[in-house]
Amino acid sequence: MDPYIILNVSDSANDETIKAAYLESVRHYPPEKNALMFECIRTAYETIATQQQRLKYRLFLESKPALDTVMFALLKNSQSDQPNKDVTRSFSTMAVHAAIVMAKKNVEQLC
Amino acid sequence: MKNMTGKTITLLPHAAQDAFAQFTAGNYKKAIDAYKILLKQSPSDALHFSLSEAYIKRAIELNKKGMLAEAIAMWENHSEHCTACQHFYLHINLLITNNQFKKAATAFIQHKKTLSETQQDTLEEMFAAISLGEKNEWSDLFPDDSLIKKHLPIAKQALQSWSDNNNQAMESSLSLLSYRSPYKYLKLLLKSCVHLKNNATTDAVSMIQKIPDTSVFYTTMQTAKCALSTPLELINTLPDYSPIEFNFVSAVRRFSDDQKRYLDKMRHIIKQHPTHKVMFDFIVNAQPWMQKSDARRLSYQLLPAGTQLIKPFEKSFGPLSVEEKAHIKTLSSVNKNNSDPANHWLEYAKMLDVSPNKNAYEKDIAILLRHVVTTVDQTHGPQCECQQSQNTIFLLERSLELDPNDKPTYLTLIQKFRKNEVILDAQRIIDKAIRHFPNDRDILTLAIETKRDQGLFQDALTYSQQLIALDPINPIAQLYLLEFQLMEFQVLLQKKKWLLAKDMLNALGSMITAPEGKLILQINEGICAFSRGDTTEAKKMLNDTLDKSILSRIKLLFEANKCRITFLDLEKKCDLVKTETLSFFNTFEFVSFLKYVEKYKSRVDFKKLFSVFKNPIEAILSSALTLNEITQICLVMHKIERYDWIKKLIASNVRYKKTSLCVYYSVLAKLKGDASQLSRRDYHSLIEALQRCKFEHDDAAGVLITRFLDAYESSRNDDDFDDDDDAEKQAFFEMLEDLSPKERKKLEKIFEQGGLF
């Protein structure tokens, strides 16, 4: 995945900015709680930590773009602190859906 | 036969047996028809019961097929025939499955008492979950004392508070829900969602674990957990969600409508291995949620594989520069044709080097040149001496001109020069490297080695002291320092300045911690005592120091030799174990011995030294060794130019005579290492051996033979190169006359395949 998007830095960022972004990301996703995400952040940092690495990344295009990178960028941009009336509605729908799934399971168990 | 409740049914007459056979065969529809006919002929309780059982089985069967309304109708038929056993739990679940919540709730309230306690709890929780999604009037179906009805407003309020991000209000609502409440797991669910959002995973997990997988809120919990997990985890699960689950996730993460629509499209496409064009469109359209530079970079990465996207790219992000276009072209060529990637990169570097914006691309060019060298070394091997590999030195030097702060490049370049024995150039690069990295251990180590190779021991000592100052316990630095200091010590001994010599050893003793260094130091202390005539002290020191291994004896021998002390004299006067009794070297010992010889070849009297070890040397040269051992030994013997030993060793291992390696060493020993003396016959035997190396993937022997043949080619006069192929072929056919028919046939075959000329 694209290291700049993972670390949320622009491709003109310098070593210090990238390091600060890396530390911030690690603080947000500490390895003991988010091993997978931490690994991804660490790899991203190791890919673009120095100017030479950034040049290499740009020149040799070590990672090919994939939709998951775009999806990652989008997911990062969600505003989970905003109130949203859809939450109650979709939660209720989800609960009803779960009850139906449960009923199906119960019928299957009776067989 | 046993029915669903376990009651035994008495066997029926013939027609009834047929109906029963259909029932047991799973043909419930036919069984129902048969029982209906039997009932018309002779109604009985037993037949009513059997028919009701068949209806139940058919209801389950239809439910499995997704024919929910039909399944419910079957259950209703069943209830007409069986008043004792009504299967209400099945009926209510079927109704819920078919979205007939009101009817299900009515049935539940009516028949609650006929259900088991577990069934009651399960259904109550299911109705509680359904109540969250229904209008408030729906709960009026339940009696006033029902907890489903009583706790519903509290649960809804808690949910609303969560949705408003008002955790305090949510907590106070949830605190009103008792442990008996059918909403009790909703309470845990909402609380753990708050923990998840605050990244308090441990607290969240401990709450999640309390929700049993039999709970209706379990599935919701799992989805909420994914929704609030890291983007990386969500990416993996998102494509597999149902629309309801996706809506839920979108709501939990507060996606905007545009974002939600876009993501929904994307999660469907992602599973279908989208084309570059589709990906490009997605990236361009994702710009509201992405910086333009990110979108440009991601789109740019698609261009080498999809050059048709260049135009749309320029339309979205502006024109590409000439250098970018060349970069895309290079990447495209490298991806398409992996056989010579180095060449494509080199062309691109050359293009940047003449570009009007060259100054902006200096670092790029340096990186590209280094990449070319790495690729060439990987393809040809770092030991290769072909023209392309020779050019790598030029490329690395050029890269340092453009970017002089790359330590690995200095190291590679120094090693390449040292390998090619171009010591002055190695020294030039070392001086340059030390200017940029004055306190670098790797560079200082190479500086020491290079100075030592040039015999500039004083300079080497200065670098060693510098390295020791940086890294006092570095064993390599210690050994070098010891070696160079001992050279001064040896001079002091010769001048009979024993006290100064002893002081020097004492000073070194406080610095040297490496075991090998300590051993050498102790040996020299013994030698010092011996030199000043204190044989008793020397005897004690040397016998304490030396173990019975031949290696420690070799060390003593070398150290004594360097101090101009006759080893046999030392051995006799100090009463050491006689060297003659050490009659055999193992391969490791012999290689170590030869390496010592190589190391001190300018400072030791070898004639005397070899005479001391005559017996073990003779023994190992006459012994049968493995091919690997022969390789190790011959490599070092070549370095010290003991071609007579190589010849003897190869002759003793006649079973390997025809291997490429032994052919090479036979020729090398015969010519005493002088490639210019190569005869036609030997030339062809080496060529044949080289062919065999390629066939057998014997790269080590292949490199040695190629190097020798290259040296031969370089030694030839220009006139020799004018010899036409016919002359070579003539010589080749003359040579064939001397061979056995089998060997001749083999070489002729290689010749026919065009392998020799």
# chains A, B, ... in the order shown; residues from 1 in each chain; ligands from 1

call {"tool": "closest_atom_pairs", "arguments": {"of": "chain B", "to": "chain A", "cutoff": "7 Å", "atoms": "only C-alpha atoms", "output": "tab-separated table"}}
result
residue	atom	partner	partner_atom	distance
B:Ile60	CA	A:Cys111	CA	6.8
B:Leu90	CA	A:Val107	CA	6.1
B:Asn93	CA	A:Ala103	CA	4.8
B:Leu94	CA	A:Val107	CA	7.0
B:Ile96	CA	A:Ile100	CA	5.9
B:Thr97	CA	A:Ile100	CA	5.0
B:Met126	CA	A:Ala99	CA	5.2
B:Ala129	CA	A:Ala95	CA	5.2
B:Ile130	CA	A:Val96	CA	4.6
B:Leu132	CA	A:Ser92	CA	5.2
B:Gly133	CA	A:Ser92	CA	4.4
B:Leu159	CA	A:Thr88	CA	6.2
B:Gln160	CA	A:Thr88	CA	6.0
B:Ser163	CA	A:Val87	CA	5.5
B:Asp164	CA	A:Pro83	CA	4.4
B:Asn165	CA	A:Pro83	CA	6.0
B:Thr201	CA	A:Lys33	CA	6.6
B:Val216	CA	A:Ala99	CA	5.7
B:Phe217	CA	A:Ala95	CA	6.9
B:Thr219	CA	A:Ala98	CA	6.3
B:Thr220	CA	A:Ala95	CA	6.5
B:Thr230	CA	A:Met37	CA	6.8
B:Pro231	CA	A:Leu75	CA	5.8
B:Leu232	CA	A:Met37	CA	6.5
B:Ile235	CA	A:Asp68	CA	6.6
B:Ile244	CA	A:Met94	CA	6.3
B:Glu245	CA	A:Met94	CA	6.6
B:Asn247	CA	A:Ser90	CA	6.3
B:Phe248	CA	A:Ser90	CA	4.9
B:Ala251	CA	A:Val87	CA	4.8
B:Val252	CA	A:Val87	CA	5.9
B:Arg253	CA	A:Ser80	CA	4.9
B:Arg254	CA	A:Ser80	CA	5.1
B:Phe255	CA	A:Ser78	CA	5.4
B:Ile270	CA	A:Leu67	CA	6.5
B:Met279	CA	A:Leu67	CA	6.5
B:Ile283	CA	A:Val70	CA	6.5
B:Trp289	CA	A:Leu74	CA	5.7
B:Met290	CA	A:Ala73	CA	6.3
B:Leu298	CA	A:Pro65	CA	5.7
B:Gln301	CA	A:Pro65	CA	6.3
B:Leu302	CA	A:Pro65	CA	6.8
B:Asp364	CA	A:Leu55	CA	6.7

call {"tool": "select_by_dssp", "arguments": {"residues": "region 485-620 of chain B", "states": "helix (DSSP H, G or I)", "output": "short mmCIF file (atom, residue, chain, number, x, y, z; two decimals) with N, CA and C atoms, in the first residue's frame"}}
result
data_model
loop_
_atom_site.label_atom_id
_atom_site.label_comp_id
_atom_site.auth_asym_id
_atom_site.auth_seq_id
_atom_site.Cartn_x
_atom_site.Cartn_y
_atom_site.Cartn_z
N GLN B 485 51.37 -3.14 16.56
CA GLN B 485 52.19 -2.83 17.73
C GLN B 485 53.28 -3.90 17.88
N LEU B 486 52.89 -5.15 17.57
CA LEU B 486 53.88 -6.23 17.71
C LEU B 486 55.04 -6.06 16.74
N MET B 487 54.80 -5.39 15.64
CA MET B 487 55.90 -5.14 14.71
C MET B 487 56.95 -4.26 15.38
N GLU B 488 56.47 -3.29 16.16
CA GLU B 488 57.42 -2.44 16.89
C GLU B 488 58.11 -3.25 17.99
N PHE B 489 57.30 -4.13 18.60
CA PHE B 489 57.82 -5.00 19.67
C PHE B 489 58.95 -5.88 19.12
N GLN B 490 58.76 -6.39 17.92
CA GLN B 490 59.77 -7.27 17.32
C GLN B 490 61.09 -6.50 17.08
N VAL B 491 60.94 -5.25 16.69
CA VAL B 491 62.14 -4.42 16.49
C VAL B 491 62.86 -4.22 17.83
N LEU B 492 62.06 -3.98 18.88
CA LEU B 492 62.66 -3.77 20.21
C LEU B 492 63.41 -5.02 20.68
N LEU B 493 62.81 -6.19 20.38
CA LEU B 493 63.48 -7.44 20.77
C LEU B 493 64.82 -7.58 20.05
N GLN B 494 64.79 -7.25 18.76
CA GLN B 494 66.03 -7.39 18.00
C GLN B 494 67.11 -6.43 18.52
N TRP B 498 64.58 -5.25 26.11
CA TRP B 498 63.55 -6.14 26.64
C TRP B 498 62.55 -5.46 27.56
N LEU B 499 63.09 -4.51 28.33
CA LEU B 499 62.18 -3.84 29.26
C LEU B 499 61.10 -3.05 28.53
N LEU B 500 61.58 -2.32 27.52
CA LEU B 500 60.61 -1.55 26.70
C LEU B 500 59.62 -2.49 26.02
N ALA B 501 60.17 -3.60 25.56
CA ALA B 501 59.31 -4.59 24.88
C ALA B 501 58.26 -5.13 25.85
N LYS B 502 58.71 -5.42 27.06
CA LYS B 502 57.78 -5.96 28.07
C LYS B 502 56.71 -4.93 28.42
N ASP B 503 57.15 -3.67 28.56
CA ASP B 503 56.19 -2.60 28.87
C ASP B 503 55.14 -2.48 27.77
N MET B 504 55.62 -2.62 26.54
CA MET B 504 54.68 -2.52 25.41
C MET B 504 53.62 -3.64 25.48
N LEU B 505 54.09 -4.85 25.82
CA LEU B 505 53.14 -5.98 25.93
C LEU B 505 52.16 -5.74 27.07
N ASN B 506 52.67 -5.19 28.18
CA ASN B 506 51.78 -4.92 29.31
C ASN B 506 50.71 -3.90 28.93
N ALA B 507 51.15 -2.87 28.19
CA ALA B 507 50.19 -1.83 27.76
C ALA B 507 49.14 -2.44 26.83
N LEU B 508 49.60 -3.32 25.96
CA LEU B 508 48.64 -3.96 25.04
C LEU B 508 47.68 -4.87 25.81
N GLY B 509 48.21 -5.50 26.86
CA GLY B 509 47.39 -6.43 27.66
C GLY B 509 46.16 -5.76 28.23
N SER B 510 46.27 -4.48 28.55
CA SER B 510 45.12 -3.79 29.13
C SER B 510 44.09 -3.42 28.06
N MET B 511 44.51 -3.48 26.81
CA MET B 511 43.58 -3.09 25.73
C MET B 511 42.92 -4.27 25.02
N PRO B 515 39.77 -13.09 22.47
CA PRO B 515 40.52 -14.30 22.87
C PRO B 515 41.73 -14.56 21.97
N GLU B 516 41.54 -14.38 20.65
CA GLU B 516 42.65 -14.67 19.75
C GLU B 516 43.81 -13.70 20.00
N GLY B 517 43.46 -12.44 20.24
CA GLY B 517 44.46 -11.43 20.52
C GLY B 517 45.21 -11.75 21.82
N LYS B 518 44.45 -12.21 22.81
CA LYS B 518 45.07 -12.55 24.11
C LYS B 518 46.08 -13.68 23.94
N LEU B 519 45.71 -14.67 23.13
CA LEU B 519 46.60 -15.81 22.89
C LEU B 519 47.91 -15.34 22.25
N ILE B 520 47.79 -14.50 21.25
CA ILE B 520 48.98 -14.01 20.55
C ILE B 520 49.85 -13.17 21.50
N LEU B 521 49.18 -12.42 22.32
CA LEU B 521 49.90 -11.58 23.29
C LEU B 521 50.68 -12.46 24.27
N GLN B 522 50.02 -13.53 24.75
CA GLN B 522 50.68 -14.43 25.71
C GLN B 522 51.87 -15.14 25.07
N ILE B 523 51.69 -15.53 23.80
CA ILE B 523 52.79 -16.18 23.09
C ILE B 523 53.99 -15.23 23.02
N ASN B 524 53.70 -13.96 22.72
CA ASN B 524 54.78 -12.99 22.60
C ASN B 524 55.44 -12.69 23.94
N GLU B 525 54.66 -12.79 25.02
CA GLU B 525 55.26 -12.63 26.35
C GLU B 525 56.28 -13.75 26.60
N GLY B 526 55.90 -14.98 26.19
CA GLY B 526 56.80 -16.14 26.30
C GLY B 526 58.04 -15.93 25.45
N ILE B 527 57.81 -15.44 24.23
CA ILE B 527 58.93 -15.21 23.32
C ILE B 527 59.87 -14.15 23.89
N CYS B 528 59.28 -13.14 24.52
CA CYS B 528 60.06 -12.04 25.10
C CYS B 528 60.97 -12.60 26.21
N ALA B 529 60.35 -13.45 27.06
CA ALA B 529 61.13 -14.06 28.15
C ALA B 529 62.26 -14.91 27.57
N PHE B 530 61.93 -15.68 26.54
CA PHE B 530 62.93 -16.55 25.91
C PHE B 530 64.06 -15.71 25.32
N SER B 531 63.68 -14.61 24.72
CA SER B 531 64.64 -13.76 24.04
C SER B 531 65.63 -13.13 25.03
N THR B 535 64.64 -18.76 30.24
CA THR B 535 64.01 -19.96 29.67
C THR B 535 62.93 -20.53 30.58
N THR B 536 63.17 -20.46 31.89
CA THR B 536 62.19 -21.02 32.83
C THR B 536 60.85 -20.28 32.69
N GLU B 537 60.93 -18.96 32.69
CA GLU B 537 59.72 -18.14 32.56
C GLU B 537 59.05 -18.43 31.19
N ALA B 538 59.90 -18.50 30.15
CA ALA B 538 59.39 -18.75 28.79
C ALA B 538 58.69 -20.09 28.73
N LYS B 539 59.33 -21.08 29.33
CA LYS B 539 58.77 -22.45 29.33
C LYS B 539 57.41 -22.46 30.01
N LYS B 540 57.36 -21.79 31.17
CA LYS B 540 56.11 -21.77 31.93
C LYS B 540 55.01 -21.06 31.11
N MET B 541 55.37 -19.90 30.58
CA MET B 541 54.37 -19.11 29.84
C MET B 541 53.89 -19.82 28.59
N LEU B 542 54.84 -20.36 27.85
CA LEU B 542 54.42 -20.98 26.58
C LEU B 542 53.64 -22.26 26.80
N ASN B 543 54.09 -23.06 27.77
CA ASN B 543 53.37 -24.32 28.01
C ASN B 543 51.99 -24.06 28.59
N ASP B 544 51.85 -22.94 29.36
CA ASP B 544 50.52 -22.58 29.88
C ASP B 544 49.61 -22.11 28.74
N THR B 545 50.23 -21.42 27.80
CA THR B 545 49.44 -20.81 26.72
C THR B 545 49.02 -21.81 25.66
N ILE B 550 47.24 -28.07 16.84
CA ILE B 550 48.28 -27.65 15.91
C ILE B 550 48.18 -26.15 15.62
N LEU B 551 46.94 -25.61 15.79
CA LEU B 551 46.74 -24.19 15.46
C LEU B 551 47.53 -23.28 16.38
N SER B 552 47.53 -23.60 17.69
CA SER B 552 48.27 -22.73 18.61
C SER B 552 49.76 -22.84 18.31
N ARG B 553 50.18 -24.02 17.89
CA ARG B 553 51.59 -24.22 17.54
C ARG B 553 51.94 -23.40 16.29
N ILE B 554 50.99 -23.37 15.34
CA ILE B 554 51.23 -22.58 14.13
C ILE B 554 51.42 -21.12 14.52
N LYS B 555 50.57 -20.65 15.42
CA LYS B 555 50.65 -19.25 15.86
C LYS B 555 52.01 -18.98 16.49
N LEU B 556 52.45 -19.92 17.36
CA LEU B 556 53.74 -19.75 18.02
C LEU B 556 54.86 -19.71 16.98
N LEU B 557 54.75 -20.62 16.03
CA LEU B 557 55.77 -20.70 14.99
C LEU B 557 55.89 -19.38 14.22
N PHE B 558 54.74 -18.83 13.88
CA PHE B 558 54.73 -17.58 13.12
C PHE B 558 55.28 -16.43 13.95
N GLU B 559 54.82 -16.37 15.20
CA GLU B 559 55.27 -15.26 16.05
C GLU B 559 56.78 -15.35 16.28
N ALA B 560 57.28 -16.59 16.51
CA ALA B 560 58.71 -16.77 16.72
C ALA B 560 59.49 -16.38 15.47
N ASN B 561 58.95 -16.79 14.33
CA ASN B 561 59.60 -16.49 13.05
C ASN B 561 59.71 -14.99 12.83
N LYS B 562 58.62 -14.27 13.20
CA LYS B 562 58.62 -12.82 13.02
C LYS B 562 59.68 -12.16 13.91
N PHE B 567 62.51 -21.66 15.64
CA PHE B 567 61.44 -22.38 16.35
C PHE B 567 61.96 -23.65 17.01
N LEU B 568 62.82 -24.38 16.30
CA LEU B 568 63.31 -25.66 16.85
C LEU B 568 64.11 -25.42 18.13
N ASP B 569 64.82 -24.30 18.13
CA ASP B 569 65.60 -23.93 19.31
C ASP B 569 64.66 -23.65 20.49
N LEU B 570 63.63 -22.87 20.19
CA LEU B 570 62.61 -22.52 21.19
C LEU B 570 61.92 -23.78 21.73
N GLU B 571 61.60 -24.64 20.82
CA GLU B 571 60.91 -25.89 21.15
C GLU B 571 61.76 -26.77 22.07
N LYS B 572 63.04 -26.81 21.71
CA LYS B 572 63.97 -27.67 22.47
C LYS B 572 64.23 -27.10 23.86
N LYS B 573 64.53 -25.81 23.90
CA LYS B 573 64.92 -25.21 25.19
C LYS B 573 63.72 -25.08 26.14
N THR B 579 57.11 -30.92 17.48
CA THR B 579 56.24 -30.72 16.32
C THR B 579 56.13 -31.99 15.47
N GLU B 580 57.17 -32.79 15.50
CA GLU B 580 57.13 -34.02 14.69
C GLU B 580 55.98 -34.92 15.12
N THR B 581 55.65 -34.83 16.43
CA THR B 581 54.57 -35.70 16.90
C THR B 581 53.22 -35.24 16.35
N THR B 587 41.62 -30.31 7.51
CA THR B 587 41.47 -29.29 6.45
C THR B 587 41.44 -27.89 7.05
N PHE B 588 40.69 -27.75 8.14
CA PHE B 588 40.56 -26.42 8.75
C PHE B 588 41.92 -25.89 9.19
N GLU B 589 42.67 -26.80 9.83
CA GLU B 589 44.00 -26.39 10.32
C GLU B 589 44.91 -26.02 9.15
N PHE B 590 44.84 -26.83 8.12
CA PHE B 590 45.72 -26.58 6.98
C PHE B 590 45.36 -25.25 6.29
N VAL B 591 44.04 -25.03 6.13
CA VAL B 591 43.61 -23.76 5.51
C VAL B 591 44.03 -22.59 6.39
N SER B 592 43.90 -22.74 7.71
CA SER B 592 44.32 -21.67 8.62
C SER B 592 45.82 -21.43 8.48
N PHE B 593 46.57 -22.54 8.41
CA PHE B 593 48.02 -22.45 8.24
C PHE B 593 48.36 -21.68 6.96
N LEU B 594 47.67 -22.05 5.88
CA LEU B 594 47.95 -21.40 4.59
C LEU B 594 47.56 -19.93 4.63
N LYS B 595 46.48 -19.63 5.35
CA LYS B 595 46.05 -18.23 5.45
C LYS B 595 47.10 -17.41 6.21
N TYR B 596 47.68 -18.02 7.24
CA TYR B 596 48.77 -17.34 7.95
C TYR B 596 49.92 -17.07 7.00
N VAL B 597 50.22 -18.09 6.21
CA VAL B 597 51.31 -17.95 5.26
C VAL B 597 51.02 -16.77 4.33
N GLU B 598 49.77 -16.69 3.88
CA GLU B 598 49.39 -15.62 2.97
C GLU B 598 49.51 -14.26 3.66
N LYS B 599 49.04 -14.25 4.90
CA LYS B 599 49.02 -12.99 5.64
C LYS B 599 50.43 -12.44 5.86
N PHE B 606 59.80 -18.70 4.90
CA PHE B 606 58.94 -19.87 4.68
C PHE B 606 59.71 -21.18 4.53
N LYS B 607 60.91 -21.03 4.07
CA LYS B 607 61.70 -22.25 3.87
C LYS B 607 61.81 -22.99 5.21
N LYS B 608 62.15 -22.21 6.25
CA LYS B 608 62.30 -22.81 7.58
C LYS B 608 60.95 -23.29 8.09
N LEU B 609 59.97 -22.43 7.87
CA LEU B 609 58.63 -22.72 8.39
C LEU B 609 58.05 -24.02 7.80
N PHE B 610 58.20 -24.16 6.50
CA PHE B 610 57.64 -25.36 5.86
C PHE B 610 58.40 -26.61 6.30
N SER B 611 59.70 -26.43 6.56
CA SER B 611 60.47 -27.62 6.98
C SER B 611 59.98 -28.10 8.35
N VAL B 612 59.52 -27.17 9.20
CA VAL B 612 59.01 -27.57 10.51
C VAL B 612 57.73 -28.41 10.36
N LYS B 614 56.81 -30.11 7.75
CA LYS B 614 56.95 -30.96 6.57
C LYS B 614 55.99 -32.17 6.63
N ASN B 615 56.02 -32.85 7.78
CA ASN B 615 55.24 -34.09 7.87
C ASN B 615 53.73 -33.87 7.72
N PRO B 616 53.13 -32.96 8.52
CA PRO B 616 51.68 -32.78 8.33
C PRO B 616 51.32 -32.26 6.94
N ILE B 617 52.20 -31.44 6.34
CA ILE B 617 51.89 -30.94 4.99
C ILE B 617 51.90 -32.09 4.00
N GLU B 618 52.93 -32.91 4.09
CA GLU B 618 53.04 -34.08 3.18
C GLU B 618 51.81 -34.96 3.35
N ALA B 619 51.40 -35.14 4.61
CA ALA B 619 50.29 -36.06 4.89
C ALA B 619 48.99 -35.56 4.27
N ILE B 620 48.71 -34.27 4.45
CA ILE B 620 47.41 -33.78 3.91
C ILE B 620 47.42 -33.72 2.39
#

call {"tool": "atom_distance", "arguments": {"atom1": "CA of Ser161 (chain B)", "atom2": "CA of Lys197 (chain B)"}}
result
14.8 Å

call {"tool": "atom_distance", "arguments": {"atom1": "CA of Arg642 (chain B)", "atom2": "CA of Phe484 (chain B)"}}
result
26.9 Å

call {"tool": "atom_distance", "arguments": {"atom1": "CA of Tyr712 (chain B)", "atom2": "CA of Ser685 (chain B)"}}
result
13.9 Å

call {"tool": "closest_residue", "arguments": {"among": "B:Ile72, B:Val654, B:Val284, B:Leu190", "to": "Ala59 (chain B)", "atoms": "only C-alpha atoms"}}
result
B:Ile72
